[in-house]
file work.txt (compact mmCIF, C-alpha atoms)
# COMPACT_ATOMS: atom_id res chain seq x y z
CA MET H 1 0.00 0.00 0.00
CA ARG H 2 1.43 3.37 -1.02
CA PHE H 3 1.07 6.62 0.96
CA PRO H 4 1.25 10.02 -0.71
CA ILE H 5 4.41 11.86 0.28
CA LEU H 6 2.52 14.37 2.44
CA GLY H 7 0.56 11.61 4.13
CA LEU H 8 3.73 9.67 4.87
CA PHE H 9 5.34 12.78 6.36
CA ILE H 10 2.36 13.41 8.63
CA LEU H 11 2.32 9.78 9.75
CA CYS H 12 6.03 9.85 10.62
CA VAL H 13 5.71 13.08 12.56
CA THR H 14 2.68 11.75 14.45
CA LEU H 15 4.48 8.54 15.40
CA LEU H 16 7.57 10.48 16.42
CA LEU H 17 5.70 12.95 18.63
CA HIS H 18 3.94 10.12 20.43
CA SER H 19 7.03 7.98 20.91
CA PRO H 20 8.14 7.34 24.52
CA ALA H 21 11.50 9.07 23.94
CA VAL H 22 9.93 12.29 22.72
CA ALA H 23 7.27 12.23 25.42
CA GLN H 24 9.98 11.86 28.03
CA SER H 25 11.92 14.72 26.43
CA ARG H 26 8.86 16.97 26.64
CA ASP H 27 8.43 16.03 30.31
CA ASN H 28 12.07 16.82 30.98
CA GLN H 29 11.75 20.18 29.27
CA ALA H 30 8.71 20.98 31.40
CA GLY H 31 10.70 20.09 34.49
CA ILE H 32 13.59 22.29 33.45
CA GLY H 33 11.24 25.14 32.66
CA ALA H 34 9.55 24.86 36.05
CA ASN H 35 12.41 26.74 37.68
CA ALA H 36 11.80 30.30 38.82
CA ALA H 37 15.50 31.15 38.47
CA LEU H 38 15.29 30.75 34.68
CA LYS H 39 12.49 33.30 34.53
CA TYR H 40 14.41 35.68 36.77
CA TRP H 41 17.53 35.37 34.63
CA ALA H 42 15.48 36.26 31.55
CA GLY H 43 14.28 39.34 33.43
CA PHE H 44 17.85 40.22 34.41
CA ALA H 45 19.00 39.93 30.79
CA LEU H 46 16.35 42.46 29.74
CA LEU H 47 17.16 45.04 32.40
CA PRO H 48 17.71 48.50 30.91
CA SER H 49 21.22 49.91 30.98
CA LEU H 50 21.44 52.87 33.34
CA ASP H 51 23.49 56.06 33.15
CA ASP H 52 24.63 57.98 36.24
CA GLU H 53 21.48 60.10 36.40
CA GLN H 54 19.24 57.05 36.19
CA GLU H 55 21.28 55.18 38.81
CA LYS H 56 20.89 58.13 41.17
CA LEU H 57 17.16 58.33 40.50
CA LEU H 58 16.70 54.62 41.10
CA GLY H 59 18.57 54.85 44.38
CA ASP H 60 15.91 57.30 45.59
CA TRP H 61 12.89 55.49 44.14
CA ARG H 62 10.83 56.24 47.29
CA ASN H 63 10.87 60.02 46.74
CA VAL H 64 11.69 60.91 43.15
CA PRO H 65 9.04 62.73 41.09
CA PHE H 66 7.58 60.87 38.16
CA ASN H 67 9.33 62.92 35.52
CA ALA H 68 10.29 61.80 32.02
CA THR H 69 13.36 59.92 33.29
CA ALA H 70 11.42 57.97 35.90
CA LEU H 71 8.59 57.13 33.51
CA SER H 72 11.10 56.03 30.88
CA LEU H 73 12.73 53.64 33.37
CA ILE H 74 9.35 52.18 34.24
CA ASP H 75 8.54 51.64 30.58
CA ARG H 76 11.94 50.18 29.71
CA SER H 77 11.78 47.68 32.59
CA ARG H 78 8.37 46.33 31.55
CA ASN H 79 9.72 43.09 30.06
CA SER H 80 11.93 42.43 33.08
CA ARG H 81 8.93 42.84 35.38
CA GLU H 82 6.93 40.42 33.28
CA TYR H 83 9.55 37.71 33.74
CA LEU H 84 9.67 38.51 37.46
CA PHE H 85 5.92 37.87 37.66
CA GLN H 86 6.37 34.57 35.83
CA GLY H 87 9.13 33.46 38.18
CA ALA H 88 7.13 34.46 41.23
CA LYS H 89 4.41 31.97 40.27
CA ILE H 90 6.80 28.99 40.32
CA ASP H 91 7.58 27.24 43.62
CA ARG H 92 10.88 25.66 42.63
CA CYS H 93 13.90 27.94 42.37
CA ASP H 94 17.34 26.48 41.67
CA TRP H 95 20.01 29.14 41.20
CA SER H 96 22.46 26.39 40.13
CA LEU H 97 25.32 27.76 42.19
CA ASP H 98 28.52 25.78 41.70
CA TYR H 99 29.82 25.49 45.24
CA SER H 100 32.86 23.57 43.99
CA GLN H 101 34.25 27.01 42.99
CA GLY H 102 34.61 27.82 46.68
CA VAL H 103 35.48 31.43 47.46
CA GLN H 104 35.73 32.12 43.73
CA LEU H 105 32.02 31.47 43.30
CA LEU H 106 30.43 34.29 41.32
CA MET H 107 26.84 35.37 42.04
CA PRO H 108 25.97 38.06 39.49
CA HIS H 109 22.27 37.46 40.06
CA LEU H 110 22.49 39.30 43.38
CA VAL H 111 23.34 42.69 41.87
CA LYS H 112 20.75 42.10 39.15
CA SER H 113 18.14 41.23 41.76
CA ARG H 114 18.67 44.49 43.64
CA THR H 115 18.47 46.54 40.45
CA LEU H 116 15.27 44.81 39.39
CA ALA H 117 13.81 45.25 42.87
CA ALA H 118 14.34 49.01 42.77
CA LEU H 119 12.77 49.25 39.31
CA VAL H 120 9.76 47.21 40.40
CA ALA H 121 9.36 49.27 43.58
CA LEU H 122 9.39 52.45 41.49
CA ASP H 123 6.67 50.98 39.28
CA ALA H 124 4.66 49.89 42.35
CA ARG H 125 4.75 53.41 43.75
CA HIS H 126 3.66 54.80 40.38
CA GLU H 127 0.75 52.36 40.19
CA PHE H 128 -0.33 53.12 43.75
CA GLU H 129 -0.29 56.86 43.20
CA GLN H 130 -2.61 56.38 40.26
CA GLY H 131 -4.95 54.25 42.34
CA HIS H 132 -4.05 51.05 40.47
CA TRP H 133 -4.02 48.98 43.65
CA LYS H 134 -4.03 45.52 42.10
CA ALA H 135 -1.15 46.28 39.72
CA GLY H 136 0.95 47.81 42.49
CA ALA H 137 0.20 44.90 44.82
CA GLU H 138 1.35 42.49 42.10
CA ASP H 139 4.70 44.29 42.03
CA VAL H 140 5.07 44.06 45.82
CA SER H 141 4.00 40.41 45.99
CA ALA H 142 6.47 39.47 43.24
CA LEU H 143 9.31 41.19 45.12
CA LEU H 144 8.48 39.35 48.32
CA ARG H 145 8.44 36.11 46.35
CA LEU H 146 11.81 36.88 44.74
CA ALA H 147 13.24 37.51 48.20
CA ARG H 148 11.88 34.19 49.45
CA HIS H 149 13.43 32.39 46.48
CA LEU H 150 16.79 33.98 47.29
CA GLU H 151 16.42 32.95 50.94
CA MET H 152 16.27 29.29 49.96
CA GLU H 153 20.03 29.30 49.22
CA PRO H 154 22.30 28.74 52.28
CA MET H 155 24.68 31.63 51.57
CA MET H 156 24.82 34.60 53.92
CA ILE H 157 25.51 37.18 51.22
CA GLN H 158 22.48 35.97 49.27
CA GLN H 159 20.34 36.12 52.40
CA LEU H 160 21.37 39.74 53.01
CA VAL H 161 20.30 40.70 49.49
CA ALA H 162 16.99 38.91 50.05
CA TYR H 163 16.40 40.82 53.30
CA SER H 164 17.13 44.08 51.47
CA ILE H 165 14.58 43.23 48.77
CA GLU H 166 11.98 42.41 51.43
CA ARG H 167 12.57 45.83 52.98
CA THR H 168 12.15 47.41 49.55
CA ALA H 169 8.84 45.61 49.02
CA ILE H 170 7.54 46.60 52.47
CA ASP H 171 8.65 50.21 52.02
CA ALA H 172 6.79 50.30 48.69
CA ALA H 173 3.56 48.89 50.14
CA ALA H 174 3.38 50.45 53.63
CA PRO H 175 2.19 53.94 52.62
CA TYR H 176 -0.76 52.40 50.79
CA LEU H 177 -1.69 49.40 52.96
CA PRO H 178 -5.14 50.73 53.96
CA GLU H 179 -6.15 50.58 50.30
CA LEU H 180 -4.43 47.22 49.79
CA LYS H 181 -5.78 45.30 52.75
CA THR H 182 -7.89 42.76 50.82
CA ILE H 183 -5.24 42.26 48.15
CA MET H 184 -2.05 42.17 50.21
CA LEU H 185 -3.48 40.24 53.14
CA GLN H 186 -4.11 37.14 51.06
CA ALA H 187 -0.84 37.54 49.14
CA ALA H 188 1.19 37.81 52.36
CA THR H 189 -0.61 34.84 53.90
CA ASP H 190 0.07 32.70 50.84
CA LEU H 191 3.70 33.80 50.73
CA PHE H 192 4.74 33.35 54.34
CA ASP H 193 2.55 30.37 55.20
CA THR H 194 2.88 28.21 52.07
CA SER H 195 6.20 29.15 50.40
CA PRO H 196 9.24 26.88 50.70
CA SER H 197 11.19 27.48 53.90
CA GLU H 198 14.25 29.69 53.85
CA ALA H 199 17.68 28.28 54.67
CA THR H 200 18.60 28.21 58.36
CA LEU H 201 21.64 29.93 59.85
CA THR H 202 23.00 26.50 60.80
CA GLN H 203 22.83 25.42 57.16
CA MET H 204 24.64 28.60 56.14
CA VAL H 205 27.52 27.99 58.54
CA VAL H 206 27.87 24.40 57.29
CA GLN H 207 27.93 25.68 53.70
CA GLU H 208 30.48 28.38 54.54
CA LYS H 209 32.73 25.68 56.01
CA GLN H 210 32.64 23.83 52.69
CA VAL H 211 33.25 26.80 50.40
CA VAL H 212 35.99 28.51 52.41
CA PRO H 213 38.39 26.43 54.57
CA ILE H 214 37.70 22.98 53.10
CA TRP H 215 37.87 24.33 49.54
CA LEU H 216 41.02 26.30 50.33
CA ILE H 217 42.79 23.31 51.87
CA ARG H 218 42.04 21.24 48.79
CA GLU H 219 43.14 23.96 46.33
CA LEU H 220 46.41 24.62 48.17
CA LYS H 221 47.31 20.92 48.23
CA GLN H 222 46.40 20.41 44.57
CA ALA H 223 48.45 23.42 43.47
CA GLU H 224 51.47 22.22 45.42
CA SER H 225 51.15 18.73 43.93
CA ARG H 226 51.41 20.23 40.44
CA LYS H 227 54.34 22.52 41.15
CA SER H 228 56.40 23.07 44.28
CA GLY H 229 55.76 26.47 45.86
CA SER H 230 52.72 27.26 43.72
CA TRP H 231 50.37 27.07 46.71
CA ILE H 232 51.34 30.62 47.60
CA ASP H 233 49.96 31.86 44.27
CA VAL H 234 46.60 30.30 45.14
CA TRP H 235 46.66 32.07 48.48
CA LYS H 236 47.43 35.42 46.86
CA GLY H 237 44.69 34.85 44.32
CA VAL H 238 42.16 34.35 47.09
CA PHE H 239 43.21 36.99 49.61
CA GLY H 240 44.93 39.51 47.37
CA GLU H 241 48.03 41.51 47.99
CA SER H 242 48.11 45.12 49.18
CA PRO H 243 49.30 47.47 46.38
CA GLY H 244 52.84 48.63 47.00
CA ALA H 245 53.25 46.47 50.10
CA GLU H 246 55.03 43.20 50.73
CA GLN H 247 52.49 41.85 53.17
CA HIS H 248 49.33 40.08 52.05
CA PHE H 249 45.89 41.16 53.14
CA LEU H 250 45.86 37.90 55.08
CA ARG H 251 49.34 36.48 55.43
CA PRO H 252 49.73 32.71 55.26
CA ALA H 253 52.05 30.84 57.61
CA ASN H 254 55.68 30.32 56.62
CA THR H 255 55.08 26.91 55.08
CA LEU H 256 52.22 25.10 53.38
CA GLU H 257 52.08 22.58 56.20
CA GLU H 258 51.68 25.28 58.85
CA THR H 259 49.05 27.07 56.75
CA ILE H 260 47.07 23.86 56.23
CA SER H 261 47.29 23.13 59.95
CA LEU H 262 45.84 26.54 60.83
CA LEU H 263 43.00 26.04 58.34
CA GLU H 264 42.25 22.55 59.66
CA ASP H 265 42.12 23.92 63.20
CA LEU H 266 39.24 26.14 62.05
CA LEU H 267 37.04 23.19 61.06
CA PRO H 268 35.91 22.21 64.59
CA MET H 269 35.28 25.90 65.24
CA TYR H 270 32.80 25.91 62.35
CA ASP H 271 31.14 22.85 63.89
CA GLU H 272 30.87 24.58 67.26
CA LEU H 273 29.46 27.69 65.62
CA ALA H 274 26.90 25.66 63.67
CA LYS H 275 25.62 24.09 66.89
CA MET H 276 25.53 27.49 68.56
CA THR H 277 23.33 28.99 65.82
CA SER H 278 20.52 26.56 66.66
CA LEU H 279 20.22 28.06 70.15
CA PRO H 280 17.62 30.70 71.08
CA TRP H 281 18.94 34.19 70.37
CA LYS H 282 19.60 35.15 73.99
CA GLU H 283 21.62 31.98 74.55
CA PHE H 284 23.47 32.50 71.29
CA ASP H 285 24.41 36.06 72.26
CA ALA H 286 25.63 34.92 75.67
CA ARG H 287 27.97 32.35 74.13
CA TYR H 288 28.99 34.02 70.87
CA ALA H 289 31.15 36.80 72.35
CA GLU H 290 33.23 34.25 74.27
CA PHE H 291 33.46 32.06 71.15
CA VAL H 292 34.90 34.96 69.12
CA LYS H 293 37.33 35.92 71.86
CA ASN H 294 38.65 32.38 72.26
CA GLY H 295 38.78 31.74 68.52
CA ALA H 296 40.72 34.90 67.74
CA SER H 297 43.33 34.10 70.41
CA ALA H 298 43.68 30.49 69.27
CA ASN H 299 43.97 30.99 65.50
CA ARG H 300 45.15 34.06 63.62
CA PHE H 301 43.02 33.12 60.58
CA PHE H 302 39.87 33.14 62.70
CA ALA H 303 38.84 36.79 62.28
CA GLU H 304 39.27 36.76 58.50
CA ILE H 305 37.84 33.34 57.65
CA ILE H 306 35.19 32.42 60.21
CA PRO H 307 32.00 34.23 59.07
CA ALA H 308 30.80 37.19 61.15
CA VAL H 309 27.71 35.35 62.29
CA GLY H 310 27.02 37.86 65.05
CA LYS H 311 26.50 40.68 62.56
CA PHE H 312 24.53 38.42 60.25
CA SER H 313 22.33 37.33 63.16
CA ASP H 314 21.46 41.00 63.75
CA SER H 315 20.36 41.30 60.12
CA GLN H 316 18.35 38.10 60.44
CA ARG H 317 16.56 39.44 63.51
CA ARG H 318 15.83 42.71 61.74
CA ARG H 319 14.25 40.66 58.99
CA VAL H 320 12.10 38.80 61.53
CA ALA H 321 10.99 42.12 62.99
CA GLN H 322 10.15 43.67 59.62
CA ILE H 323 8.06 40.69 58.52
CA ALA H 324 6.25 40.63 61.87
CA LEU H 325 5.53 44.36 61.55
CA LEU H 326 4.13 43.84 58.05
CA LYS H 327 1.83 41.06 59.23
CA ALA H 328 0.69 43.15 62.17
CA ALA H 329 0.02 46.15 59.93
CA LEU H 330 -2.09 44.05 57.58
CA ALA H 331 -4.05 42.71 60.55
CA VAL H 332 -4.69 46.25 61.80
CA VAL H 333 -5.90 47.60 58.45
CA GLU H 334 -8.25 44.64 58.21
CA GLY H 335 -9.50 44.40 61.79
CA GLY H 336 -8.86 47.81 63.35
CA PRO H 337 -6.42 49.12 65.99
CA ASP H 338 -7.54 46.66 68.68
CA LYS H 339 -6.17 43.85 66.53
CA VAL H 340 -2.61 44.85 67.43
CA LYS H 341 -3.23 43.76 71.01
CA THR H 342 -3.45 40.14 69.87
CA LEU H 343 -0.11 40.20 67.98
CA LYS H 344 3.08 39.73 69.98
CA ASP H 345 6.23 41.62 69.17
CA PRO H 346 8.88 38.85 68.76
CA PHE H 347 11.38 41.12 70.54
CA GLY H 348 9.19 42.30 73.39
CA ASP H 349 7.04 40.99 76.21
CA GLY H 350 3.78 42.14 74.66
CA PRO H 351 2.25 43.54 71.47
CA PHE H 352 3.75 46.13 69.14
CA GLU H 353 3.35 49.73 70.22
CA TYR H 354 0.58 51.42 68.20
CA ARG H 355 0.24 55.14 67.44
CA THR H 356 -2.47 56.81 65.35
CA LEU H 357 -1.35 59.27 62.65
CA ASP H 358 -3.37 61.75 60.58
CA HIS H 359 -3.66 59.41 57.61
CA GLY H 360 -2.65 56.08 59.06
CA PHE H 361 -0.73 54.65 61.98
CA GLU H 362 2.70 53.64 63.22
CA LEU H 363 3.81 50.34 64.70
CA LYS H 364 6.92 50.16 66.85
CA SER H 365 8.93 47.08 67.81
CA LYS H 366 11.29 46.58 70.73
CA PHE H 367 13.92 45.54 68.21
CA LEU H 368 16.58 48.24 68.11
CA ILE H 369 18.46 49.63 65.12
CA GLN H 370 21.31 51.87 66.27
CA ASP H 371 19.60 52.16 69.65
CA LYS H 372 16.29 53.23 68.10
CA PRO H 373 13.14 51.05 67.95
CA MET H 374 12.28 49.64 64.53
CA THR H 375 9.05 51.19 63.24
CA LEU H 376 6.66 50.75 60.33
CA THR H 377 4.63 53.76 59.20
CA VAL H 378 1.42 52.87 57.38
CA GLY H 379 -0.97 54.90 55.26
CA GLN H 380 0.96 58.07 54.49
CA GLY H 381 1.01 57.62 50.72
CA LYS H 382 -0.61 59.83 48.13
CA ARG H 383 -4.22 58.90 47.38
CA GLY H 384 -4.99 57.77 43.86
call {"tool": "encode", "arguments": {"input": "work.txt", "output": "C-alpha cells"}}
result
Amino acid sequence: MRFPILGLFILCVTLLLHSPAVAQSRDNQAGIGANAALKYWAGFALLPSLDDEQEKLLGDWRNVPFNATALSLIDRSRNSREYLFQGAKIDRCDWSLDYSQGVQLLMPHLVKSRTLAALVALDARHEFEQGHWKAGAEDVSALLRLARHLEMEPMMIQQLVAYSIERTAIDAAAPYLPELKTIMLQAATDLFDTSPSEATLTQMVVQEKQVVPIWLIRELKQAESRKSGSWIDVWKGVFGESPGAEQHFLRPANTLEETISLLEDLLPMYDELAKMTSLPWKEFDARYAEFVKNGASANRFFAEIIPAVGKFSDSQRRRVAQIALLKAALAVVEGGPDKVKTLKDPFGDGPFEYRTLDHGFELKSKFLIQDKPMTLTVGQGKRG
C-alpha cells in the first residue's frame, strides 16, 4: 500500500511525537522550565542599561518625582517585570550555584536582583499613586516572592540581598496598605505560610565551612602537587596583595604545612558555631562573644575566615521584625487598631506599640536599630 508523500510525512511526525522518547523529552523540558530562576535570569538579561542620572534616580525610588526619566525607566523595565511575575508563580527555584568554585564562586544574580527590585518598587509606587491597587500589589507580591526564592540558598551574602529586597517591598507597600488590605493580606498569607522554607543559619555555617576552609585546603594541596611552591599563588589569588606592600591582606604561615594546619584547626570551630546557631537568640548572644574571643586568640586566621555570624544574626533578627511588623500592619488595616493587642512583638514581652497618625498609623517594635526602635509607618502615601 502506497502513501502520498505528504501523508507519509504526517504519519512519521505523528508517530515520532507520540514515541516514549519524545514524550519523556517533553516532560524533561517541562521540568527544566519549572524553575523560577530561569524566569528571573530572563528578566535580568532584559534590564535597561542605566546612566549615572538614572542610577541616582533609582537609588531614591521612594521620593523621586515621576518625571520623564522615571517614567522612561518604568517603561523600559516592563519586560523584566513580566519575567519577574512569571518566576514568582513557580515554587521551585534552583540558582544552580557551583559550590565547587569555593570562594571564587560568582553570584551576578544578586546585583541584578537588587536593580530589578528598585525598578519594580518604582513601578509599584507609580501604580499606587494612580490608584491602580491591584497592579501595584502584584509588584510588591512578586518582590516578596523573589526575596523568598533567594532565601532558599544557604549563603549569607544571598540572604542579606533577600532581606534588602523584602525591605524594599515593604517600604513600597506600607504607605498604601489601607487601600491594599484585601489584596495584600491574602498575598502575604500565601507567601509566608505556604512558600518553601528559607535556609537556616546553621545550614549557612555548614555551607560556609565547605566553600571557604575545606575548599582552600584542597586547592592549596592540589596546586602544590602540580608545582612546588605554587600554593602561595593560590593564596594570593584568594586573599589579594596590598598594592605597594610586601604583606598580604591575610598572610599565610611560613610553610604550606603550617598554613594547612591553621585552616584545619578552624574546622571544629565551624562545627561549634553551627551548633551554637541553633540556640535561642539570647543563649546565642551569651555564648557568641566568648566564642569569638577564644577563637581569635587560638587561631590568627579566625577573624578573616570564620564568618561574622554575630553581625549576620542582627540582620536576620531585623528581617524577623520587619516581617512581623508587616503582618501586624495588615491585621490592623483589616481588623482595626484593637487587633494589634493580639499580635506579639517577637522582641518584646507584649504587642507592638501602636500610634495613630493623621492618615494612618505607626507600629513600633522593641527591636533596636542603632539604639532606636524599629518602626513601620502605614498609610501616608498619596491617594490615587
call {"tool": "atom_distance", "arguments": {"input": "work.txt", "atom1": "atom CA of H:Pro337", "atom2": "atom CA of H:Leu325"}}
result
13.6 Å
call {"tool": "residues_around", "arguments": {"input": "work.txt", "residues": "H:Tyr270", "least_positions_apart": "5", "cutoff": "10 Å", "atoms": "all atoms listed in the file", "output": "PDB file with C-alpha atoms, in the frame of the given file"}}
result
ATOM      1  CA  THR H 202      23.000  26.500  60.800  1.00  0.00           C
ATOM      2  CA  VAL H 205      27.520  27.990  58.540  1.00  0.00           C
ATOM      3  CA  VAL H 206      27.870  24.400  57.290  1.00  0.00           C
ATOM      4  CA  GLN H 207      27.930  25.680  53.700  1.00  0.00           C
ATOM      5  CA  GLU H 208      30.480  28.380  54.540  1.00  0.00           C
ATOM      6  CA  LYS H 209      32.730  25.680  56.010  1.00  0.00           C
ATOM      7  CA  GLN H 210      32.640  23.830  52.690  1.00  0.00           C
ATOM      8  CA  PRO H 213      38.390  26.430  54.570  1.00  0.00           C
ATOM      9  CA  ASP H 265      42.120  23.920  63.200  1.00  0.00           C
ATOM     10  CA  LYS H 275      25.620  24.090  66.890  1.00  0.00           C
ATOM     11  CA  MET H 276      25.530  27.490  68.560  1.00  0.00           C
ATOM     12  CA  ILE H 306      35.190  32.420  60.210  1.00  0.00           C
ATOM     13  CA  PRO H 307      32.000  34.230  59.070  1.00  0.00           C
TER      14      PRO H 307
END
call {"tool": "atom_distance", "arguments": {"input": "work.txt", "atom1": "atom CA of H:Asp314", "atom2": "atom CA of H:Ile369"}}
result
9.2 Å
call {"tool": "atom_distance", "arguments": {"input": "work.txt", "atom1": "atom CA of H:Thr277", "atom2": "atom CA of H:Glu198"}}
result
15.0 Å
call {"tool": "residues_around", "arguments": {"input": "work.txt", "residues": "stretch 328-330 of chain H", "least_positions_apart": "2", "cutoff": "7 Å", "atoms": "only C-alpha atoms", "output": "ChimeraX atom specification"}}
result
/H:181,185,324-326,332-334,340,343
call {"tool": "write_last_selection", "arguments": {"input": "work.txt", "atoms": "C-alpha atoms", "output": "PDB file, in the frame of the given file"}}
result
ATOM      1  CA  LYS H 181      -5.780  45.300  52.750  1.00  0.00           C
ATOM      2  CA  LEU H 185      -3.480  40.240  53.140  1.00  0.00           C
ATOM      3  CA  ALA H 324       6.250  40.630  61.870  1.00  0.00           C
ATOM      4  CA  LEU H 325       5.530  44.360  61.550  1.00  0.00           C
ATOM      5  CA  LEU H 326       4.130  43.840  58.050  1.00  0.00           C
ATOM      6  CA  VAL H 332      -4.690  46.250  61.800  1.00  0.00           C
ATOM      7  CA  VAL H 333      -5.900  47.600  58.450  1.00  0.00           C
ATOM      8  CA  GLU H 334      -8.250  44.640  58.210  1.00  0.00           C
ATOM      9  CA  VAL H 340      -2.610  44.850  67.430  1.00  0.00           C
ATOM     10  CA  LEU H 343      -0.110  40.200  67.980  1.00  0.00           C
TER      11      LEU H 343
END
call {"tool": "closest_residue", "arguments": {"input": "work.txt", "among": "H:His109, H:Asp285, H:Gly336, H:Val378", "to": "H:Leu180", "atoms": "only C-alpha atoms"}}
result
H:Val378
call {"tool": "closest_residue", "arguments": {"input": "work.txt", "among": "H:Val111, H:Val238, H:Leu279, H:Val120", "to": "H:Val212", "atoms": "all atoms listed in the file"}}
result
H:Val238
call {"tool": "closest_residue", "arguments": {"input": "work.txt", "among": "H:Gly310, H:Thr115, H:Ser49, H:Gln159", "to": "H:Ala289", "atoms": "all atoms listed in the file"}}
result
H:Gly310
call {"tool": "decode", "arguments": {"input": "work.txt", "residues": "stretch 138-190 of chain H", "atoms": "C-alpha atoms", "output": "PDB file, in the first residue's frame"}}
result
ATOM      1  CA  GLU H 138       1.349  42.491  42.096  1.00  0.00           C
ATOM      2  CA  ASP H 139       4.700  44.295  42.035  1.00  0.00           C
ATOM      3  CA  VAL H 140       5.068  44.063  45.819  1.00  0.00           C
ATOM      4  CA  SER H 141       3.999  40.413  45.987  1.00  0.00           C
ATOM      5  CA  ALA H 142       6.474  39.470  43.240  1.00  0.00           C
ATOM      6  CA  LEU H 143       9.315  41.195  45.122  1.00  0.00           C
ATOM      7  CA  LEU H 144       8.476  39.349  48.323  1.00  0.00           C
ATOM      8  CA  ARG H 145       8.443  36.107  46.351  1.00  0.00           C
ATOM      9  CA  LEU H 146      11.812  36.876  44.743  1.00  0.00           C
ATOM     10  CA  ALA H 147      13.238  37.507  48.198  1.00  0.00           C
ATOM     11  CA  ARG H 148      11.877  34.188  49.449  1.00  0.00           C
ATOM     12  CA  HIS H 149      13.426  32.390  46.482  1.00  0.00           C
ATOM     13  CA  LEU H 150      16.789  33.980  47.291  1.00  0.00           C
ATOM     14  CA  GLU H 151      16.420  32.954  50.935  1.00  0.00           C
ATOM     15  CA  MET H 152      16.272  29.286  49.962  1.00  0.00           C
ATOM     16  CA  GLU H 153      20.032  29.297  49.217  1.00  0.00           C
ATOM     17  CA  PRO H 154      22.300  28.739  52.279  1.00  0.00           C
ATOM     18  CA  MET H 155      24.678  31.626  51.570  1.00  0.00           C
ATOM     19  CA  MET H 156      24.816  34.605  53.923  1.00  0.00           C
ATOM     20  CA  ILE H 157      25.512  37.177  51.221  1.00  0.00           C
ATOM     21  CA  GLN H 158      22.482  35.971  49.269  1.00  0.00           C
ATOM     22  CA  GLN H 159      20.343  36.125  52.398  1.00  0.00           C
ATOM     23  CA  LEU H 160      21.365  39.739  53.011  1.00  0.00           C
ATOM     24  CA  VAL H 161      20.300  40.696  49.491  1.00  0.00           C
ATOM     25  CA  ALA H 162      16.991  38.910  50.052  1.00  0.00           C
ATOM     26  CA  TYR H 163      16.399  40.820  53.298  1.00  0.00           C
ATOM     27  CA  SER H 164      17.133  44.076  51.472  1.00  0.00           C
ATOM     28  CA  ILE H 165      14.578  43.226  48.775  1.00  0.00           C
ATOM     29  CA  GLU H 166      11.979  42.412  51.426  1.00  0.00           C
ATOM     30  CA  ARG H 167      12.574  45.829  52.980  1.00  0.00           C
ATOM     31  CA  THR H 168      12.154  47.412  49.555  1.00  0.00           C
ATOM     32  CA  ALA H 169       8.843  45.611  49.019  1.00  0.00           C
ATOM     33  CA  ILE H 170       7.537  46.599  52.466  1.00  0.00           C
ATOM     34  CA  ASP H 171       8.653  50.207  52.016  1.00  0.00           C
ATOM     35  CA  ALA H 172       6.786  50.298  48.692  1.00  0.00           C
ATOM     36  CA  ALA H 173       3.561  48.893  50.139  1.00  0.00           C
ATOM     37  CA  ALA H 174       3.376  50.447  53.627  1.00  0.00           C
ATOM     38  CA  PRO H 175       2.193  53.941  52.619  1.00  0.00           C
ATOM     39  CA  TYR H 176      -0.765  52.401  50.789  1.00  0.00           C
ATOM     40  CA  LEU H 177      -1.685  49.398  52.963  1.00  0.00           C
ATOM     41  CA  PRO H 178      -5.135  50.733  53.961  1.00  0.00           C
ATOM     42  CA  GLU H 179      -6.146  50.580  50.300  1.00  0.00           C
ATOM     43  CA  LEU H 180      -4.434  47.222  49.786  1.00  0.00           C
ATOM     44  CA  LYS H 181      -5.777  45.296  52.752  1.00  0.00           C
ATOM     45  CA  THR H 182      -7.892  42.761  50.823  1.00  0.00           C
ATOM     46  CA  ILE H 183      -5.237  42.255  48.147  1.00  0.00           C
ATOM     47  CA  MET H 184      -2.047  42.169  50.206  1.00  0.00           C
ATOM     48  CA  LEU H 185      -3.475  40.243  53.139  1.00  0.00           C
ATOM     49  CA  GLN H 186      -4.107  37.139  51.061  1.00  0.00           C
ATOM     50  CA  ALA H 187      -0.839  37.542  49.143  1.00  0.00           C
ATOM     51  CA  ALA H 188       1.190  37.813  52.362  1.00  0.00           C
ATOM     52  CA  THR H 189      -0.608  34.843  53.900  1.00  0.00           C
ATOM     53  CA  ASP H 190       0.074  32.701  50.837  1.00  0.00           C
TER      54      ASP H 190
END
